[in-house]
file coords-v8.cif (mmCIF, C-alpha atoms)
data_data
loop_
_atom_site.label_atom_id
_atom_site.label_comp_id
_atom_site.auth_asym_id
_atom_site.auth_seq_id
_atom_site.Cartn_x
_atom_site.Cartn_y
_atom_site.Cartn_z
CA MET X 1 114.24 98.00 76.44
CA LYS X 2 115.49 100.90 74.35
CA PRO X 3 118.30 102.93 75.94
CA GLU X 4 116.55 106.24 75.17
CA TYR X 5 113.70 105.20 77.45
CA ILE X 6 115.96 105.18 80.49
CA ASN X 7 116.75 108.88 80.75
CA PRO X 8 113.20 110.12 81.45
CA PHE X 9 113.10 107.83 84.48
CA VAL X 10 116.52 108.95 85.68
CA GLU X 11 115.60 112.62 85.22
CA SER X 12 112.32 112.11 87.06
CA ILE X 13 113.79 110.36 90.07
CA SER X 14 116.63 112.87 90.31
CA GLN X 15 114.19 115.79 90.28
CA ILE X 16 111.91 114.17 92.87
CA PHE X 17 114.76 113.41 95.24
CA ASP X 18 116.20 116.88 94.83
CA MET X 19 112.90 118.74 95.27
CA MET X 20 111.11 116.70 97.91
CA LEU X 21 113.90 114.91 99.80
CA HIS X 22 116.70 117.45 99.40
CA THR X 23 118.85 114.54 98.28
CA ARG X 24 121.25 114.72 95.34
CA LEU X 25 121.60 111.43 93.48
CA GLN X 26 124.70 110.10 91.79
CA ARG X 27 123.87 107.69 89.01
CA GLN X 28 126.10 104.63 88.64
CA PRO X 29 126.66 102.53 85.49
CA LEU X 30 123.69 100.54 84.20
CA ARG X 31 123.43 96.84 85.00
CA ALA X 32 121.29 94.01 83.69
CA GLY X 33 119.53 91.49 85.87
CA PRO X 34 118.61 91.48 89.56
CA THR X 35 121.48 92.18 91.95
CA ARG X 36 119.68 93.18 95.12
CA PHE X 37 121.52 94.29 98.19
CA SER X 38 121.18 91.57 100.77
CA ARG X 39 119.95 88.06 101.29
CA ASN X 40 118.56 88.49 104.78
CA GLY X 41 115.29 90.21 104.02
CA GLN X 42 116.53 93.69 104.87
CA THR X 43 115.42 95.16 101.58
CA LEU X 44 112.29 97.10 100.68
CA THR X 45 111.11 97.40 97.11
CA SER X 46 108.48 99.85 95.96
CA ILE X 47 106.85 98.76 92.70
CA ILE X 48 104.49 100.51 90.31
CA GLY X 49 103.15 99.47 86.91
CA ILE X 50 102.41 101.45 83.76
CA SER X 51 99.88 100.27 81.20
CA GLY X 52 98.23 101.57 78.04
CA GLU X 53 100.06 103.27 75.15
CA ALA X 54 103.22 102.40 77.03
CA SER X 55 103.75 99.61 79.50
CA GLY X 56 106.33 98.72 82.07
CA VAL X 57 107.23 98.34 85.69
CA ILE X 58 109.41 100.46 87.93
CA ALA X 59 110.85 98.94 91.08
CA LEU X 60 112.80 101.04 93.56
CA CYS X 61 114.88 98.68 95.66
CA PHE X 62 116.19 100.09 98.94
CA PRO X 63 118.39 98.62 101.65
CA ARG X 64 116.57 98.99 104.98
CA GLN X 65 118.70 101.90 106.23
CA THR X 66 118.35 103.84 102.97
CA ALA X 67 114.58 103.35 103.16
CA LEU X 68 114.51 104.66 106.73
CA ASN X 69 116.70 107.64 105.86
CA LEU X 70 114.58 108.60 102.84
CA ALA X 71 111.25 108.16 104.61
CA SER X 72 112.56 110.26 107.50
CA ARG X 73 113.47 113.06 105.11
CA PHE X 74 110.16 112.80 103.27
CA LEU X 75 108.15 113.04 106.49
CA SER X 76 110.52 115.42 108.31
CA THR X 77 110.68 113.07 111.29
CA GLU X 78 113.22 110.47 112.39
CA LEU X 79 112.00 106.95 111.68
CA LYS X 80 113.93 104.01 113.13
CA GLU X 81 111.67 101.07 112.35
CA VAL X 82 110.01 99.98 109.14
CA ASP X 83 106.33 100.69 109.64
CA GLY X 84 103.35 101.98 107.69
CA GLN X 85 104.84 105.45 107.48
CA VAL X 86 107.98 104.11 105.79
CA THR X 87 106.11 101.90 103.32
CA ASP X 88 103.70 104.74 102.52
CA ALA X 89 106.61 107.08 101.80
CA LEU X 90 108.33 104.50 99.56
CA ALA X 91 105.06 103.80 97.74
CA GLU X 92 104.59 107.50 97.05
CA LEU X 93 108.14 107.76 95.71
CA ALA X 94 107.38 105.02 93.16
CA ASN X 95 104.11 106.73 92.30
CA MET X 96 105.84 110.04 91.64
CA VAL X 97 108.64 108.46 89.59
CA GLY X 98 106.14 106.54 87.47
CA GLY X 99 103.87 109.51 86.94
CA SER X 100 106.60 111.99 86.25
CA ALA X 101 108.48 109.70 83.86
CA LYS X 102 105.46 108.59 81.82
CA ALA X 103 104.46 112.23 81.37
CA LYS X 104 107.77 112.93 79.67
CA PHE X 105 106.67 110.71 76.76
CA GLU X 106 103.48 112.83 76.29
CA LEU X 107 101.44 109.91 74.96
CA ASP X 108 97.78 110.44 74.15
CA PRO X 109 95.85 108.88 75.72
CA PRO X 110 98.23 108.98 78.69
CA PRO X 111 99.22 105.59 80.08
CA GLN X 112 97.66 104.49 83.36
CA LEU X 113 99.56 104.05 86.60
CA SER X 114 98.80 101.17 88.92
CA LEU X 115 98.63 101.70 92.65
CA PRO X 116 102.09 101.16 94.14
CA THR X 117 103.05 98.09 96.16
CA VAL X 118 105.88 97.72 98.67
CA VAL X 119 107.60 94.34 99.04
CA GLU X 120 109.78 93.50 102.04
CA GLY X 121 112.59 91.02 101.43
CA CYS X 122 114.60 90.19 98.34
CA ASP X 123 113.95 86.55 97.58
CA TYR X 124 111.66 87.12 94.64
CA LYS X 125 111.79 87.56 90.87
CA MET X 126 109.87 89.99 88.71
CA ARG X 127 108.84 88.36 85.44
CA TYR X 128 106.17 90.66 84.10
CA PRO X 129 105.50 91.96 81.43
CA THR X 130 106.22 88.75 79.51
CA ARG X 131 109.49 88.85 77.53
CA SER X 132 110.43 92.11 79.20
CA VAL X 133 114.05 93.16 79.48
CA TRP X 134 115.00 94.63 82.81
CA VAL X 135 117.74 97.13 83.43
CA GLU X 136 119.06 98.33 86.74
CA VAL X 137 120.11 101.89 87.41
CA PRO X 138 122.06 102.02 90.68
CA PHE X 139 122.23 105.30 92.59
CA THR X 140 124.27 106.50 95.51
CA SER X 141 123.32 109.40 97.75
CA ASP X 142 123.98 110.77 101.20
CA ALA X 143 120.86 108.83 102.30
CA GLY X 144 122.44 105.59 101.10
CA PRO X 145 122.49 103.47 97.94
CA PHE X 146 119.49 102.07 96.09
CA VAL X 147 118.61 100.63 92.70
CA MET X 148 115.90 101.50 90.20
CA GLU X 149 114.89 98.36 88.32
CA LEU X 150 113.05 99.17 85.14
CA THR X 151 111.32 97.70 82.14
CA PHE X 152 109.42 99.89 79.69
CA SER X 153 108.18 99.77 76.12
CA LYS X 154 105.88 101.84 73.89
CA SER X 155 103.26 100.20 71.71
CA MET W 1 89.43 128.77 106.53
CA LYS W 2 89.23 125.00 106.13
CA ALA W 3 90.82 122.65 103.59
CA LEU W 4 90.08 119.09 102.51
CA ILE W 5 93.20 117.09 101.67
CA VAL W 6 92.46 114.09 99.46
CA ASP W 7 95.28 111.64 98.78
CA ASP W 8 95.72 107.93 99.37
CA SER W 9 99.26 108.62 100.54
CA MET W 10 99.53 109.60 104.18
CA THR W 11 102.95 111.02 103.36
CA ILE W 12 101.51 113.47 100.85
CA ARG W 13 98.61 114.38 103.15
CA ARG W 14 101.14 115.26 105.83
CA ILE W 15 103.31 117.29 103.44
CA VAL W 16 100.27 119.16 102.11
CA ALA W 17 99.03 119.85 105.66
CA LYS W 18 102.41 121.30 106.54
CA ALA W 19 102.39 123.48 103.44
CA LEU W 20 98.88 124.69 104.31
CA ALA W 21 100.05 125.59 107.81
CA ASN W 22 102.79 127.71 106.24
CA VAL W 23 100.10 129.89 104.68
CA GLY W 24 98.02 129.98 107.87
CA ILE W 25 95.53 127.20 107.13
CA THR W 26 95.66 124.85 110.12
CA GLU W 27 92.10 123.58 110.00
CA TYR W 28 91.73 120.68 107.62
CA ALA W 29 90.12 117.31 107.06
CA GLU W 30 91.68 114.32 105.33
CA ALA W 31 90.29 111.76 102.90
CA ALA W 32 92.20 108.74 101.57
CA ASN W 33 90.10 108.27 98.43
CA GLY W 34 87.40 109.91 96.35
CA LEU W 35 84.49 108.27 98.11
CA GLU W 36 85.65 109.63 101.45
CA ALA W 37 86.16 113.03 99.86
CA VAL W 38 82.67 113.21 98.37
CA LYS W 39 81.19 112.19 101.72
CA ALA W 40 83.27 114.78 103.57
CA ALA W 41 82.22 117.50 101.10
CA GLN W 42 78.57 116.58 101.62
CA ASN W 43 78.88 116.86 105.39
CA ASP W 44 81.14 119.86 105.74
CA GLN W 45 81.96 123.17 104.07
CA PHE W 46 85.50 123.63 102.76
CA ASP W 47 87.26 126.65 101.32
CA VAL W 48 89.67 124.64 99.19
CA ILE W 49 90.10 120.99 98.21
CA LEU W 50 93.52 119.51 97.39
CA LEU W 51 92.86 116.46 95.25
CA ASP W 52 95.12 113.61 94.12
CA TRP W 53 94.35 111.81 90.84
CA ASN W 54 95.41 108.18 91.29
CA MET W 55 93.51 106.75 94.22
CA PRO W 56 91.70 103.49 94.98
CA GLN W 57 87.91 103.22 94.88
CA MET W 58 87.31 106.59 93.22
CA THR W 59 89.96 108.52 91.31
CA GLY W 60 90.51 112.23 91.62
CA ILE W 61 88.95 113.05 88.25
CA GLU W 62 85.88 110.98 89.13
CA THR W 63 85.72 112.77 92.47
CA LEU W 64 85.95 116.16 90.80
CA ARG W 65 83.15 115.29 88.37
CA SER W 66 81.02 113.98 91.20
CA LEU W 67 81.52 117.15 93.24
CA ARG W 68 80.70 119.45 90.33
CA ALA W 69 77.69 117.36 89.28
CA ALA W 70 76.37 117.78 92.80
CA GLY W 71 76.75 121.55 92.53
CA ASN W 72 79.79 121.82 94.79
CA LYS W 73 81.73 124.93 93.75
CA THR W 74 84.60 124.72 96.26
CA PRO W 75 87.91 125.61 94.58
CA VAL W 76 89.79 122.40 93.74
CA ILE W 77 93.52 122.10 93.16
CA MET W 78 94.64 118.83 91.60
CA VAL W 79 97.90 117.72 93.25
CA THR W 80 99.11 114.85 91.13
CA THR W 81 101.87 113.13 89.18
CA GLU W 82 99.58 113.07 86.13
CA ALA W 83 101.34 115.72 84.10
CA GLU W 84 100.34 114.98 80.50
CA LYS W 85 98.55 117.82 78.69
CA ALA W 86 95.59 115.52 78.02
CA ARG W 87 95.17 114.99 81.76
CA VAL W 88 95.33 118.70 82.55
CA VAL W 89 92.79 119.48 79.83
CA ASP W 90 90.51 116.74 81.13
CA ALA W 91 90.72 118.20 84.64
CA ILE W 92 89.99 121.73 83.42
CA ARG W 93 86.97 120.52 81.46
CA SER W 94 85.78 118.72 84.58
CA GLY W 95 85.91 121.89 86.64
CA VAL W 96 89.30 122.02 88.34
CA ASN W 97 90.51 125.46 89.42
CA ASP W 98 94.24 124.84 89.43
CA TYR W 99 96.74 122.06 88.86
CA LEU W 100 99.92 121.25 90.78
CA ILE W 101 102.23 118.55 89.49
CA LYS W 102 104.21 116.36 91.88
CA PRO W 103 107.00 116.76 92.80
CA PHE W 104 106.35 120.15 94.33
CA THR W 105 107.74 122.36 97.05
CA PRO W 106 105.66 123.91 99.85
CA GLU W 107 106.22 127.24 98.08
CA HIS W 108 104.62 125.93 94.88
CA LEU W 109 101.54 124.84 96.80
CA ALA W 110 101.36 128.09 98.77
CA GLU W 111 101.43 130.04 95.53
CA LYS W 112 98.50 128.06 94.12
CA ILE W 113 96.45 128.45 97.30
CA LYS W 114 97.09 132.17 97.53
CA ARG W 115 95.69 132.60 94.03
CA LEU W 116 92.48 130.80 94.92
CA VAL W 117 91.48 131.59 98.48
CA PRO W 118 91.41 134.80 100.55
CA LEU W 119 94.20 133.93 102.96
CA SER W 120 93.63 136.90 105.23
CA GLU W 121 90.81 134.85 106.73
CA ALA W 122 93.09 131.90 107.37
CA SER W 123 94.99 133.14 110.39
CA GLY W 124 93.85 132.18 113.86
CA GLN W 125 92.37 128.81 112.92
CA LYS W 126 93.84 126.18 115.21
CA SER W 127 91.47 123.24 115.24
CA GLU W 128 92.00 120.14 113.13
CA ALA W 129 89.29 117.96 111.71
CA ARG W 130 89.61 114.55 110.16
CA ALA W 131 87.16 112.92 107.80
#
call {"tool": "encode", "arguments": {"input": "coords-v8.cif", "output": "structure tokens"}}
result
Amino acid sequence: MKPEYINPFVESISQIFDMMLHTRLQRQPLRAGPTRFSRNGQTLTSIIGISGEASGVIALCFPRQTALNLASRFLSTELKEVDGQVTDALAELANMVGGSAKAKFELDPPPQLSLPTVVEGCDYKMRYPTRSVWVEVPFTSDAGPFVMELTFSKS
Amino acid sequence: MKALIVDDSMTIRRIVAKALANVGITEYAEAANGLEAVKAAQNDQFDVILLDWNMPQMTGIETLRSLRAAGNKTPVIMVTTEAEKARVVDAIRSGVNDYLIKPFTPEHLAEKIKRLVPLSEASGQKSEARA
């Protein structure tokens, strides 16, 4: 994955969190490979795919409490349990990050977005697209830490 | 004054409903995909439709084309992450009235609605409908 592809995703997620969650993100140094937060299933990952003139996958990986804090801010209501409201909010975050970031490349025809999926737990590996190189962009915020896992390439 | 909010995300439907309330539109129906939206528009009269693009079963652009092909002239605002120029042009050619790119603030949405619908009629509506 080319380093110049990372910034549009970082800019997009920062803008979305600032505008819709009133949350300022602090980006941490890039990492390679999966280093999720816990091994007890208390992680939620919101995944969306991009296909077409560009292809890739974005996975937003949240510790449970960060997910609850962000969903609460998104919906302007305090959420204490992971339910359909929380997963819907996380799915929409991935949707917005994917859409906003792919638009920054202004490809014609525009790449397609998949529908987002939310995975609970962390004992899994993402292996698609084939031969893809994944990078991790960790963030901290006053809602808690999370990681954006990313693979992206243009045809 | 009645709005139709079309988005597969309950989160966005709730945020849009709140933004509508800020401009005095408290009567609205919801649809979670294009098929539900087309059905709702056949059965009810709306003053504005807020329409997502990426949805299961029938996308927003397909919904828009279906509405216009059926002669529905209700003002439609696309509310979507699809921000490429090609997408916006496609929506305009298909009959959209305005285009709001996510992320957005309630103020952004209010501005778009005020341009399209006579909001003086909006006050006093308290009932809520769901498709």
call {"tool": "residues_around", "arguments": {"input": "coords-v8.cif", "residues": "W:Thr11", "least_positions_apart": "6", "cutoff": "9 Å", "atoms": "only C-alpha atoms", "output": "number ranges by chain"}}
result
X: 71, 74-75, 85-86, 88-89, 92
call {"tool": "closest_residue", "arguments": {"input": "coords-v8.cif", "among": "X:Phe152, X:Tyr128, X:Phe17, X:Phe62", "to": "chain W", "atoms": "all atoms listed in the file"}}
result
X:Phe17
call {"tool": "closest_atom_pairs", "arguments": {"input": "coords-v8.cif", "of": "chain X", "to": "chain W", "cutoff": "7 Å", "atoms": "only C-alpha atoms", "output": "tab-separated table"}}
result
residue	atom	partner	partner_atom	distance
X:Ile16	CA	W:Pro103	CA	5.6
X:Met19	CA	W:Thr105	CA	6.5
X:Met20	CA	W:Pro103	CA	6.6
X:Leu75	CA	W:Thr11	CA	6.4
X:Asp88	CA	W:Ser9	CA	6.2
X:Ala89	CA	W:Thr11	CA	5.6
X:Glu92	CA	W:Ser9	CA	6.5
X:Met96	CA	W:Thr81	CA	5.6
X:Gly99	CA	W:Thr81	CA	4.7
X:Ser100	CA	W:Thr81	CA	5.7
X:Ala103	CA	W:Glu84	CA	5.0
X:Glu106	CA	W:Glu84	CA	5.7
X:Asp108	CA	W:Ala86	CA	6.8
X:Pro110	CA	W:Glu84	CA	6.6
call {"tool": "write_last_selection", "arguments": {"input": "coords-v8.cif", "atoms": "C-alpha atoms", "output": "PDB file, in the frame of the given file"}}
result
ATOM      1  CA  ILE X  16     111.910 114.170  92.870  1.00  0.00           C
ATOM      2  CA  MET X  19     112.900 118.740  95.270  1.00  0.00           C
ATOM      3  CA  MET X  20     111.110 116.700  97.910  1.00  0.00           C
ATOM      4  CA  LEU X  75     108.150 113.040 106.490  1.00  0.00           C
ATOM      5  CA  ASP X  88     103.700 104.740 102.520  1.00  0.00           C
ATOM      6  CA  ALA X  89     106.610 107.080 101.800  1.00  0.00           C
ATOM      7  CA  GLU X  92     104.590 107.500  97.050  1.00  0.00           C
ATOM      8  CA  MET X  96     105.840 110.040  91.640  1.00  0.00           C
ATOM      9  CA  GLY X  99     103.870 109.510  86.940  1.00  0.00           C
ATOM     10  CA  SER X 100     106.600 111.990  86.250  1.00  0.00           C
ATOM     11  CA  ALA X 103     104.460 112.230  81.370  1.00  0.00           C
ATOM     12  CA  GLU X 106     103.480 112.830  76.290  1.00  0.00           C
ATOM     13  CA  ASP X 108      97.780 110.440  74.150  1.00  0.00           C
ATOM     14  CA  PRO X 110      98.230 108.980  78.690  1.00  0.00           C
TER      15      PRO X 110
END
call {"tool": "resolve_selection", "arguments": {"input": "coords-v8.cif", "expression": "the PyMOL selection byres ((chain W and resi 49-51) around 6)", "output": "ChimeraX atom specification"}}
result
/W:3-6,48,52,76-79
call {"tool": "resolve_selection", "arguments": {"input": "coords-v8.cif", "expression": "the PyMOL selection byres ((chain W and resi 43) around 12)", "output": "JSON, numbers by chain"}}
result
{"W": [4, 29, 36, 37, 38, 39, 40, 41, 42, 44, 45, 46, 72, 130, 131]}
call {"tool": "resolve_selection", "arguments": {"input": "coords-v8.cif", "expression": "the PyMOL selection byres ((chain X and resi 133) around 8)", "output": "list of chain:residue names"}}
result
X:Met1, X:Arg131, X:Ser132, X:Trp134, X:Val135, X:Thr151
call {"tool": "atom_distance", "arguments": {"input": "coords-v8.cif", "atom1": "atom CA of X:Leu93", "atom2": "atom CA of X:Ser46"}}
result
7.9 Å
call {"tool": "residues_around", "arguments": {"input": "coords-v8.cif", "residues": "X:Asn69", "least_positions_apart": "5", "cutoff": "9 Å", "atoms": "all atoms listed in the file", "output": "PyMOL selection string"}}
result
chain X and resi 64+74+78-80+143-144
call {"tool": "atom_distance", "arguments": {"input": "coords-v8.cif", "atom1": "atom CA of X:Ala59", "atom2": "atom CA of X:Ala32"}}
result
13.7 Å
